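Next comes upload_21.tsv, a file with TSV, C-alpha atoms.
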chain	number	residue	atom	x	y	z
A	53	MET	CA	-41.61	-7.68	12.74
A	54	THR	CA	-42.91	-8.63	16.17
A	55	HIS	CA	-42.71	-5.78	18.67
A	56	GLU	CA	-41.32	-6.61	22.08
A	57	PRO	CA	-43.12	-4.87	24.94
A	58	ALA	CA	-41.29	-1.86	26.34
A	59	GLU	CA	-42.34	-2.14	29.96
A	60	ALA	CA	-39.52	-2.02	32.47
A	61	LEU	CA	-37.47	-5.15	32.98
A	62	PRO	CA	-36.03	-5.88	36.42
A	63	MET	CA	-32.45	-4.66	36.46
A	64	GLU	CA	-29.94	-7.46	36.84
A	65	PRO	CA	-26.32	-7.42	38.02
A	66	ARG	CA	-24.33	-6.23	35.00
A	67	GLU	CA	-21.59	-8.79	35.48
A	68	GLY	CA	-22.19	-11.52	32.96
A	69	LEU	CA	-24.69	-9.64	30.77
A	70	LEU	CA	-22.14	-9.07	28.02
A	71	SER	CA	-21.20	-12.76	28.10
A	72	ASP	CA	-24.90	-13.58	27.73
A	73	LEU	CA	-25.11	-11.22	24.73
A	74	ILE	CA	-22.20	-12.95	23.01
A	75	ALA	CA	-23.71	-16.37	23.66
A	76	ASP	CA	-27.19	-15.32	22.49
A	77	ALA	CA	-25.80	-13.73	19.30
A	78	ARG	CA	-24.06	-16.86	18.08
A	79	LEU	CA	-27.13	-18.43	16.50
A	80	VAL	CA	-29.13	-15.39	15.36
A	81	ALA	CA	-29.13	-13.58	12.04
A	82	GLY	CA	-27.91	-10.00	11.71
A	83	GLN	CA	-31.41	-8.53	11.76
A	84	ALA	CA	-31.86	-9.69	15.38
A	85	LEU	CA	-28.63	-8.13	16.65
A	86	ALA	CA	-29.99	-4.66	17.51
A	87	GLY	CA	-32.87	-6.26	19.40
A	88	LEU	CA	-30.47	-8.40	21.44
A	89	VAL	CA	-28.42	-5.33	22.30
A	90	TRP	CA	-31.61	-3.47	23.31
A	91	ARG	CA	-32.67	-6.30	25.61
A	92	THR	CA	-29.18	-6.52	27.14
A	93	GLY	CA	-29.27	-2.78	27.80
A	94	ARG	CA	-32.69	-3.05	29.45
A	95	ARG	CA	-31.44	-5.86	31.68
A	96	GLY	CA	-28.54	-3.62	32.70
A	97	GLY	CA	-30.73	-0.69	33.74
A	98	LEU	CA	-31.10	1.30	30.51
A	99	ASP	CA	-34.38	2.58	29.14
A	100	GLY	CA	-33.24	1.46	25.71
A	101	THR	CA	-30.54	1.42	23.04
A	102	ARG	CA	-30.28	2.00	19.29
A	103	VAL	CA	-27.49	0.74	17.04
A	104	TYR	CA	-26.39	3.06	14.22
A	105	VAL	CA	-23.85	2.15	11.53
A	106	THR	CA	-22.17	4.53	9.13
A	107	ASP	CA	-23.18	4.48	5.50
A	108	LEU	CA	-20.60	3.63	2.86
A	109	GLN	CA	-19.67	7.25	2.17
A	110	GLN	CA	-19.65	8.24	5.86
A	111	ILE	CA	-22.33	10.88	5.39
A	112	GLY	CA	-25.01	9.50	7.71
A	113	LEU	CA	-25.49	7.09	10.60
A	114	VAL	CA	-28.20	4.55	9.76
A	115	ALA	CA	-30.17	2.71	12.45
A	116	LEU	CA	-30.35	-1.06	12.39
A	117	PRO	CA	-33.94	-2.32	12.65
A	118	GLN	CA	-35.09	-3.38	16.09
A	119	PRO	CA	-38.44	-4.25	17.71
A	120	VAL	CA	-38.91	-1.10	19.80
A	121	SER	CA	-37.86	2.34	18.60
A	122	ALA	CA	-39.31	5.74	17.80
A	123	ASP	CA	-35.92	7.33	17.13
A	124	GLU	CA	-34.69	8.81	13.88
A	125	ALA	CA	-33.55	6.19	11.35
A	126	VAL	CA	-30.74	8.30	9.82
A	127	LEU	CA	-28.58	10.91	11.56
A	128	ASP	CA	-26.21	13.36	9.88
A	129	ILE	CA	-22.57	12.71	10.76
A	130	ASP	CA	-21.66	16.40	10.41
A	131	GLY	CA	-24.72	17.82	12.15
A	132	SER	CA	-25.66	15.68	15.14
A	133	LEU	CA	-24.39	14.73	18.57
A	134	ALA	CA	-24.23	11.13	17.36
A	135	GLY	CA	-22.06	12.30	14.49
A	136	LEU	CA	-19.76	14.13	16.89
A	137	ALA	CA	-19.27	10.89	18.83
A	138	TYR	CA	-18.42	9.15	15.55
A	139	ARG	CA	-16.09	11.89	14.33
A	140	SER	CA	-14.24	12.41	17.61
A	141	GLN	CA	-14.33	8.76	18.71
A	142	ARG	CA	-15.44	9.92	22.16
A	143	THR	CA	-18.66	9.36	24.08
A	144	GLN	CA	-21.05	12.34	23.93
A	145	ARG	CA	-23.88	13.16	26.32
A	146	SER	CA	-27.10	15.04	25.58
A	147	ARG	CA	-27.78	18.37	27.24
A	148	ASP	CA	-30.50	16.87	29.46
A	149	GLY	CA	-28.09	14.11	30.54
A	150	GLY	CA	-30.46	11.26	29.70
A	151	THR	CA	-28.87	10.06	26.45
A	152	ILE	CA	-25.32	9.14	25.50
A	153	TRP	CA	-23.79	8.35	22.14
A	154	VAL	CA	-20.95	5.85	22.31
A	155	PRO	CA	-18.65	5.23	19.30
A	156	MET	CA	-18.50	1.63	18.12
A	157	ILE	CA	-14.92	0.86	17.12
A	158	ASP	CA	-13.39	-2.42	15.99
A	159	GLY	CA	-9.71	-2.03	16.82
A	160	ILE	CA	-9.48	1.48	15.39
A	161	GLU	CA	-12.02	1.08	12.57
A	162	ARG	CA	-15.10	3.26	13.14
A	163	LEU	CA	-18.32	1.31	12.58
A	164	GLY	CA	-20.97	3.64	14.00
A	165	VAL	CA	-22.43	4.61	17.37
A	166	LEU	CA	-24.57	3.10	20.10
A	167	MET	CA	-27.29	5.30	21.57
A	168	ALA	CA	-28.24	4.56	25.19
A	169	THR	CA	-30.85	6.24	27.37
A	170	ALA	CA	-31.50	6.04	31.11
A	171	PRO	CA	-32.86	8.35	33.82
A	172	ASP	CA	-29.57	8.15	35.76
A	173	LEU	CA	-26.50	7.70	33.60
A	174	ASP	CA	-23.82	7.61	36.27
A	175	ASP	CA	-20.14	6.94	35.56
A	176	ALA	CA	-20.44	3.20	36.21
A	177	LEU	CA	-23.37	2.84	33.81
A	178	ILE	CA	-21.62	4.92	31.13
A	179	ALA	CA	-18.53	2.71	31.45
A	180	TRP	CA	-20.72	-0.36	31.05
A	181	CYS	CA	-22.38	1.20	27.97
A	182	GLU	CA	-18.95	1.72	26.44
A	183	ALA	CA	-18.20	-1.97	27.03
A	184	LEU	CA	-21.58	-2.84	25.48
A	185	ALA	CA	-20.69	-0.75	22.43
A	186	GLY	CA	-17.37	-2.58	22.13
A	187	VAL	CA	-19.04	-5.99	22.20
A	188	THR	CA	-21.67	-4.81	19.71
A	189	ALA	CA	-18.91	-3.70	17.34
A	190	LEU	CA	-17.29	-7.13	17.50
A	191	LEU	CA	-20.61	-8.84	16.81
A	192	LEU	CA	-21.31	-6.53	13.86
A	193	VAL	CA	-17.96	-7.38	12.29
A	194	SER	CA	-18.44	-11.10	12.87
A	195	LYS	CA	-21.80	-11.10	11.04
A	196	SER	CA	-21.41	-8.42	8.37
A	197	SER	CA	-19.38	-10.60	5.99
A	198	HIS	CA	-22.28	-13.00	5.48
A	199	ASN	CA	-25.43	-11.03	6.27
A	200	ASP	CA	-27.00	-8.93	3.54
A	201	LEU	CA	-29.15	-6.87	5.91
A	202	LEU	CA	-26.08	-5.44	7.63
A	203	VAL	CA	-24.43	-4.74	4.28
A	204	GLU	CA	-27.58	-3.18	2.80
A	205	THR	CA	-28.00	-0.90	5.83
A	206	GLU	CA	-24.70	0.77	4.94
A	207	ARG	CA	-25.84	1.53	1.38
A	208	ARG	CA	-27.89	4.51	0.28
A	209	ARG	CA	-28.22	3.43	-3.36
A	210	ARG	CA	-27.57	0.56	-5.75
A	211	MET	CA	-24.03	-0.78	-6.10
A	212	THR	CA	-22.64	-1.45	-9.58
A	213	VAL	CA	-21.20	-4.87	-10.41
A	214	GLN	CA	-17.64	-3.52	-10.56
A	215	GLY	CA	-18.23	-1.72	-7.26
A	216	GLU	CA	-19.41	-4.98	-5.67
A	217	LEU	CA	-16.30	-6.72	-7.00
A	218	GLY	CA	-13.99	-3.99	-5.74
A	219	TRP	CA	-15.34	-3.80	-2.19
A	220	ALA	CA	-15.27	-7.60	-1.90
A	221	PHE	CA	-11.48	-7.49	-2.17
A	222	LEU	CA	-10.79	-4.44	-0.01
A	223	PRO	CA	-9.70	-4.61	3.64
A	224	PRO	CA	-11.22	-2.50	6.47
A	225	ARG	CA	-10.75	1.22	5.88
A	226	THR	CA	-8.68	1.68	9.05
A	227	ILE	CA	-6.21	-0.63	10.77
A	228	GLY	CA	-3.46	-0.04	13.30
A	229	THR	CA	-1.64	-0.76	16.52
A	230	ALA	CA	-0.08	1.35	19.26
A	231	ARG	CA	2.85	2.03	16.86
A	232	VAL	CA	1.20	2.67	13.51
A	233	THR	CA	-2.12	3.63	11.92
A	234	SER	CA	-3.30	3.32	8.34
A	235	SER	CA	-6.57	4.71	7.03
A	236	ALA	CA	-8.01	4.77	3.51
A	237	VAL	CA	-10.99	6.12	1.56
A	238	LEU	CA	-12.19	5.48	-1.98
A	239	GLU	CA	-14.76	7.14	-4.23
A	240	PRO	CA	-17.05	6.89	-6.13
A	241	ALA	CA	-18.06	4.38	-3.46
A	242	TYR	CA	-20.93	2.77	-5.40
A	243	ASP	CA	-19.19	2.75	-8.77
A	244	ILE	CA	-15.47	2.18	-8.19
A	245	GLY	CA	-13.61	0.98	-11.25
A	246	GLY	CA	-9.85	0.59	-11.46
A	247	ASP	CA	-8.58	1.82	-8.08
A	248	ALA	CA	-7.85	-0.49	-5.16
A	249	PHE	CA	-5.93	-0.27	-1.90
A	250	ASP	CA	-4.56	-2.69	0.64
A	251	HIS	CA	-2.99	-2.35	4.07
A	252	SER	CA	-1.97	-5.17	6.33
A	253	LEU	CA	0.08	-5.71	9.48
A	254	THR	CA	2.86	-8.23	9.96
A	255	GLN	CA	4.94	-8.86	13.07
A	256	ASP	CA	7.01	-5.69	12.68
A	257	ALA	CA	5.77	-3.94	9.54
A	258	LEU	CA	2.83	-2.23	7.89
A	259	HIS	CA	2.28	-3.14	4.25
A	260	LEU	CA	0.64	-0.59	1.91
A	261	THR	CA	-0.57	-0.96	-1.67
A	262	LEU	CA	-2.37	1.47	-3.98
A	263	LEU	CA	-3.27	0.28	-7.50
A	264	ASP	CA	-4.79	2.28	-10.35
A	265	SER	CA	-5.87	0.20	-13.33
A	266	MET	CA	-6.59	1.92	-16.63
A	267	GLY	CA	-10.28	2.48	-17.32
A	268	HIS	CA	-13.42	2.51	-15.22
A	269	ASP	CA	-15.30	-0.70	-15.97
A	270	LEU	CA	-15.64	-4.30	-14.83
A	271	ALA	CA	-12.41	-5.32	-16.55
A	272	SER	CA	-10.55	-2.55	-14.70
A	273	GLY	CA	-12.00	-3.74	-11.41
A	274	GLY	CA	-11.06	-7.31	-12.27
A	275	ALA	CA	-7.49	-6.30	-13.05
A	276	SER	CA	-7.15	-4.47	-9.73
A	277	ALA	CA	-8.68	-7.38	-7.82
A	278	ALA	CA	-6.25	-9.77	-9.51
A	279	GLY	CA	-3.41	-7.37	-8.72
A	280	LEU	CA	-4.32	-7.33	-5.03
A	281	ALA	CA	-4.57	-11.13	-5.02
A	282	ALA	CA	-1.13	-11.47	-6.63
A	283	CYS	CA	0.30	-9.01	-4.13
A	284	ARG	CA	-1.16	-10.85	-1.15
A	285	ALA	CA	-0.20	-14.31	-2.39
A	286	THR	CA	3.40	-13.20	-2.93
A	287	ARG	CA	3.66	-11.29	0.35
A	288	ARG	CA	2.15	-14.10	2.41
A	289	SER	CA	4.59	-16.57	0.88
A	290	GLY	CA	7.55	-14.53	2.09
A	291	GLY	CA	8.03	-12.39	-1.04
A	292	THR	CA	9.61	-8.94	-0.92
A	293	LEU	CA	8.53	-5.72	-2.63
A	294	ALA	CA	10.83	-6.64	-5.52
A	295	ASP	CA	8.97	-9.97	-5.83
A	296	ILE	CA	5.47	-8.51	-5.67
A	297	VAL	CA	5.83	-6.21	-8.68
A	298	PRO	CA	6.77	-8.94	-11.21
A	299	ALA	CA	4.01	-11.16	-9.79
A	300	ILE	CA	1.37	-8.51	-10.54
A	301	ASP	CA	2.98	-7.72	-13.89
A	302	GLY	CA	2.86	-11.38	-14.93
A	303	ILE	CA	-0.81	-11.73	-13.97
A	304	LEU	CA	-1.76	-8.64	-15.99
A	305	ASP	CA	0.29	-9.75	-18.99
A	306	LYS	CA	-1.36	-13.18	-19.01
A	307	TRP	CA	-4.99	-12.43	-18.15
A	308	PHE	CA	-5.53	-8.68	-18.71
A	309	THR	CA	-3.47	-7.98	-21.80
A	310	ASP	CA	-5.13	-4.64	-22.58
A	311	ARG	CA	-4.83	-3.16	-19.07
A	312	LEU	CA	-2.04	-1.00	-17.78
A	313	MET	CA	-1.75	-0.29	-14.07
A	314	THR	CA	0.19	2.17	-11.95
A	315	ALA	CA	1.08	1.29	-8.38
A	316	VAL	CA	2.83	2.28	-5.20
A	317	ILE	CA	3.68	-0.69	-2.99
A	318	ALA	CA	5.42	-0.09	0.34
A	319	ASN	CA	6.48	-1.48	3.70
A	320	LEU	CA	6.94	0.54	6.88
A	321	ASN	CA	9.07	-1.03	9.60
A	322	VAL	CA	7.18	-0.07	12.76
A	323	LEU	CA	10.24	-0.65	14.97
A	324	ASP	CA	12.78	1.68	13.36
A	325	GLY	CA	10.70	3.73	10.88
A	326	THR	CA	12.35	2.47	7.69
A	327	PHE	CA	9.99	3.17	4.80
A	328	ALA	CA	10.63	1.13	1.64
A	329	TRP	CA	8.61	1.54	-1.54
A	330	VAL	CA	8.42	0.93	-5.27
A	331	ASN	CA	6.68	3.29	-7.67
A	332	CYS	CA	5.45	1.98	-11.01
A	333	GLY	CA	4.31	5.05	-12.93
A	334	HIS	CA	2.23	6.40	-10.01
A	335	PRO	CA	2.12	9.84	-8.35
A	336	PRO	CA	4.84	9.88	-5.67
A	337	PRO	CA	3.84	9.58	-2.00
A	338	LEU	CA	3.79	12.72	0.12
A	339	LEU	CA	5.64	13.00	3.44
A	340	ILE	CA	3.96	15.13	6.12
A	341	ARG	CA	6.13	16.11	9.09
A	342	ASP	CA	5.33	18.56	11.90
A	343	GLY	CA	2.26	19.84	10.08
A	344	GLN	CA	4.05	20.51	6.78
A	345	VAL	CA	4.58	18.66	3.53
A	346	LEU	CA	8.26	18.07	2.82
A	347	PRO	CA	8.39	18.76	-0.93
A	348	ARG	CA	9.78	16.01	-3.16
A	349	MET	CA	11.10	14.01	-0.19
A	350	LEU	CA	9.61	10.76	-1.54
A	351	GLU	CA	9.84	11.67	-5.21
A	352	ARG	CA	12.06	9.28	-7.18
A	353	GLU	CA	12.36	8.33	-10.83
A	354	PRO	CA	9.39	5.96	-11.26
A	355	ASP	CA	9.59	2.54	-12.86
A	356	LEU	CA	7.39	1.67	-15.81
A	357	PRO	CA	3.70	0.91	-15.19
A	358	LEU	CA	2.55	-2.68	-14.78
A	359	GLY	CA	1.03	-4.65	-17.63
A	360	TRP	CA	3.84	-4.69	-20.20
A	361	ALA	CA	5.63	-7.65	-18.54
A	362	PHE	CA	8.74	-5.47	-18.32
A	363	HIS	CA	9.15	-6.21	-14.61
A	364	THR	CA	9.10	-9.97	-15.10
A	365	THR	CA	12.67	-9.69	-16.41
A	366	SER	CA	13.78	-6.41	-14.85
A	367	PRO	CA	12.96	-6.07	-11.12
A	368	PRO	CA	11.81	-2.63	-9.92
A	369	THR	CA	13.90	-0.21	-7.91
A	370	VAL	CA	13.20	-0.36	-4.17
A	371	HIS	CA	13.63	3.05	-2.54
A	372	ARG	CA	14.24	3.57	1.19
A	373	THR	CA	14.16	6.40	3.69
A	374	ARG	CA	13.91	6.71	7.47
A	375	LEU	CA	10.83	8.31	8.97
A	376	GLN	CA	10.70	10.31	12.18
A	377	PRO	CA	8.13	9.60	14.93
A	378	GLY	CA	4.85	11.30	14.05
A	379	ASP	CA	5.52	11.31	10.30
A	380	ARG	CA	2.59	10.65	7.98
A	381	VAL	CA	2.89	9.18	4.49
A	382	LEU	CA	0.09	9.95	2.03
A	383	LEU	CA	-0.54	7.73	-1.00
A	384	TYR	CA	-3.11	8.88	-3.54
A	385	SER	CA	-4.37	8.20	-7.05
A	386	ASP	CA	-4.38	10.84	-9.77
A	387	GLY	CA	-8.17	10.97	-9.52
A	388	ILE	CA	-7.58	13.17	-6.45
A	389	THR	CA	-5.20	15.77	-7.81
A	390	GLU	CA	-6.67	15.83	-11.34
A	391	ALA	CA	-10.27	16.30	-10.21
A	392	ARG	CA	-11.62	19.48	-11.84
A	393	SER	CA	-14.30	21.83	-10.60
A	394	THR	CA	-17.09	23.04	-12.88
A	395	ARG	CA	-14.83	26.05	-13.63
A	396	GLY	CA	-11.96	23.79	-14.64
A	397	ASP	CA	-9.79	24.24	-11.50
A	398	LEU	CA	-7.69	21.23	-10.55
A	399	PHE	CA	-7.96	19.99	-6.97
A	400	GLY	CA	-4.17	19.68	-7.00
A	401	GLU	CA	-1.49	18.35	-4.69
A	402	ASP	CA	-1.30	21.52	-2.59
A	403	ARG	CA	-5.01	21.47	-1.75
A	404	LEU	CA	-4.78	17.74	-1.02
A	405	ALA	CA	-1.96	18.21	1.48
A	406	ASP	CA	-3.44	21.38	3.00
A	407	THR	CA	-6.79	19.70	3.68
A	408	VAL	CA	-5.15	16.78	5.49
A	409	ILE	CA	-2.82	19.07	7.45
A	410	ARG	CA	-5.64	21.37	8.58
A	411	ALA	CA	-7.76	18.42	9.69
A	412	THR	CA	-4.99	16.76	11.67
A	413	ALA	CA	-3.92	20.12	13.17
A	414	ALA	CA	-7.48	20.48	14.44
A	415	GLY	CA	-7.04	17.22	16.31
A	416	ASP	CA	-8.96	14.96	13.93
A	417	PRO	CA	-7.81	11.32	13.91
A	418	ALA	CA	-6.60	10.02	10.54
A	419	PRO	CA	-9.93	8.41	9.54
A	420	GLU	CA	-11.77	11.67	10.16
A	421	ALA	CA	-9.14	13.71	8.31
A	422	LEU	CA	-9.58	11.50	5.23
A	423	ARG	CA	-13.38	11.60	5.48
A	424	ARG	CA	-13.26	15.40	5.46
A	425	LEU	CA	-10.80	15.40	2.58
A	426	LEU	CA	-12.96	13.16	0.44
A	427	HIS	CA	-16.07	15.24	1.09
A	428	GLU	CA	-14.17	18.39	0.12
A	429	LEU	CA	-13.08	16.65	-3.09
A	430	LEU	CA	-16.69	15.70	-3.85
A	431	ARG	CA	-17.81	19.30	-3.32
A	432	HIS	CA	-14.97	20.52	-5.53
A	433	GLN	CA	-16.22	18.37	-8.40
A	434	ASP	CA	-19.91	18.99	-7.70
A	435	HIS	CA	-20.33	15.40	-6.43
A	436	ARG	CA	-19.63	14.00	-9.90
A	437	LEU	CA	-16.24	12.32	-9.88
A	438	ARG	CA	-14.96	11.51	-13.35
A	439	ASP	CA	-12.28	9.12	-12.11
A	440	ASP	CA	-11.65	6.91	-9.09
A	441	ALA	CA	-10.17	8.81	-6.15
A	442	THR	CA	-8.26	6.84	-3.51
A	443	ILE	CA	-6.20	7.99	-0.53
A	444	VAL	CA	-4.20	6.03	2.02
A	445	LEU	CA	-2.74	7.85	5.04
A	446	ALA	CA	-0.23	5.99	7.22
A	447	GLU	CA	1.19	7.43	10.46
A	448	TRP	CA	4.15	6.12	12.44
A	449	HIS	CA	3.74	6.89	16.16
A	450	PRO	CA	6.16	4.61	18.05
A	451	GLY	CA	6.22	6.83	21.12
A	452	SER	CA	2.85	5.45	22.21
A	453	GLY	CA	4.57	2.14	22.95
A	454	GLY	CA	3.07	-1.31	22.65
A	455	SER	CA	3.49	-3.64	19.72

In structure tokens, how does this file's structure come out?
Amino acid sequence: MTHEPAEALPMEPREGLLSDLIADARLVAGQALAGLVWRTGRRGGLDGTRVYVTDLQQIGLVALPQPVSADEAVLDIDGSLAGLAYRSQRTQRSRDGGTIWVPMIDGIERLGVLMATAPDLDDALIAWCEALAGVTALLLVSKSSHNDLLVETERRRRMTVQGELGWAFLPPRTIGTARVTSSAVLEPAYDIGGDAFDHSLTQDALHLTLLDSMGHDLASGGASAAGLAACRATRRSGGTLADIVPAIDGILDKWFTDRLMTAVIANLNVLDGTFAWVNCGHPPPLLIRDGQVLPRMLEREPDLPLGWAFHTTSPPTVHRTRLQPGDRVLLYSDGITEARSTRGDLFGEDRLADTVIRATAAGDPAPEALRRLLHELLRHQDHRLRDDATIVLAEWHPGSGGS
């Protein structure tokens, strides 16, 4: 790679530099993005920048390649100032004052951090760096779907074929508005099999899906991918929860005759807090209110699992309850609660709920609470999961206003 000289560039008025960055990025490949950001930063009065993205398991922050850099290529999320910026979603400043770490967030999805250095990081320059990080996040998202370098940077090892299939169908890990947030995690990240999740926003609702297909192979991943596709096609054509279940059931019965699937499929009305869900043989959702799990509040008699074509003639039962502002609903697969330690101890529902509650009580946003939970699960099972483990955490917070 050609190295751009690092001598000082004349500082330019910062107005318009971000527009120039967007224009310049339109016709370049992903590997040039960090260099464009670096040059934009230099034009704005910075000594330099470095773009770091999180790896797939959210363990480290990995630097994108750029022409000029002597900085570390990988930073620990749990043991660095950059990681603190990522975890807290707040800008952090080094002790000597010459470096800041700015979280890069797309909507509310954490992508990584932008490092910026300058001899005089005043408030105006820091605010501009935060805007630069925001634009960089948008450019990363716009290019990551069709640029292998950006995808490969997030990976620490080889992805299996079923893992590649699974991630191709999954949405961003975190979505939300001023009224609602949904965040999800899934392991084993490089070898997912039958688990899949979906969350999506409509005009006045949050849709949630968690599927668990029998087995841990390519056919299991294919069944879950087909299940998500059937769910989306039905939902986007105006179908209700009662319509989605038979649509998935029919697809499995026709094309995946040897695969059973459990599922929780739900809608949360973000205006009035009505939570509606169907449960097809899956662990019941957990309701967390005021820092406590309300036992059995969302436990209902489950319908049969999907795959027997039973639901094509007998629609599922749609359950409803009304949430209170601040309530969190936790969906999870049995790979979480049934994970065993080397001594044979189950991770269990109580430990699951307690880990989330402790993290949120400490002030962690939902994505960070789930990241901590998943890492605790991996430690519990000595980093050798024997089944897919998926968690979706949705929070209704209408008091923050907006739409």

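The space between CA of Gly291 in chain A and CA of Pro224 in chain A spans 22.9 Å.
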
Using all atoms listed in the file, which of the listed residues (A:Val126, A:Tyr242, A:Ala86, A:Ala170) sits closest to Ala185 in chain A? A:Ala86

Find the residues of range 214-233 of chain A that sit at most 7 Å from range 150-164 of chain A; for each, write down the nearest two atoms and how far apart they are in Å, to one decimal. Count only C-alpha atoms. Sort by chain, then by number going up, and give it as JSON lines.
{"residue": "A:Arg225", "atom": "CA", "partner": "A:Glu161", "partner_atom": "CA", "distance": 6.8}
{"residue": "A:Thr226", "atom": "CA", "partner": "A:Glu161", "partner_atom": "CA", "distance": 4.9}
{"residue": "A:Ile227", "atom": "CA", "partner": "A:Ile160", "partner_atom": "CA", "distance": 6.0}
{"residue": "A:Gly228", "atom": "CA", "partner": "A:Ile160", "partner_atom": "CA", "distance": 6.6}

One number please: CA of Gly215 in chain A to CA of Gly302 in chain A, in Å, one decimal. 24.4 Å

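Picture a line from CA of Ala77 in chain A to CA of Arg207 in chain A; it runs 23.5 Å.
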
Give me the residues near Leu108 in chain A as a PDB file with C-alpha atoms, in the coordinates of the input, where near means some atom within 7 Å (using only C-alpha atoms) and where sequence neighbours in that chain fewer than 2 positions away do not count.
ATOM      1  CA  THR A 106     -22.170   4.530   9.130  1.00  0.00           C
ATOM      2  CA  GLN A 110     -19.650   8.240   5.860  1.00  0.00           C
ATOM      3  CA  GLU A 206     -24.700   0.770   4.940  1.00  0.00           C
ATOM      4  CA  ARG A 207     -25.840   1.530   1.380  1.00  0.00           C
ATOM      5  CA  ALA A 241     -18.060   4.380  -3.460  1.00  0.00           C
TER       6      ALA A 241
END
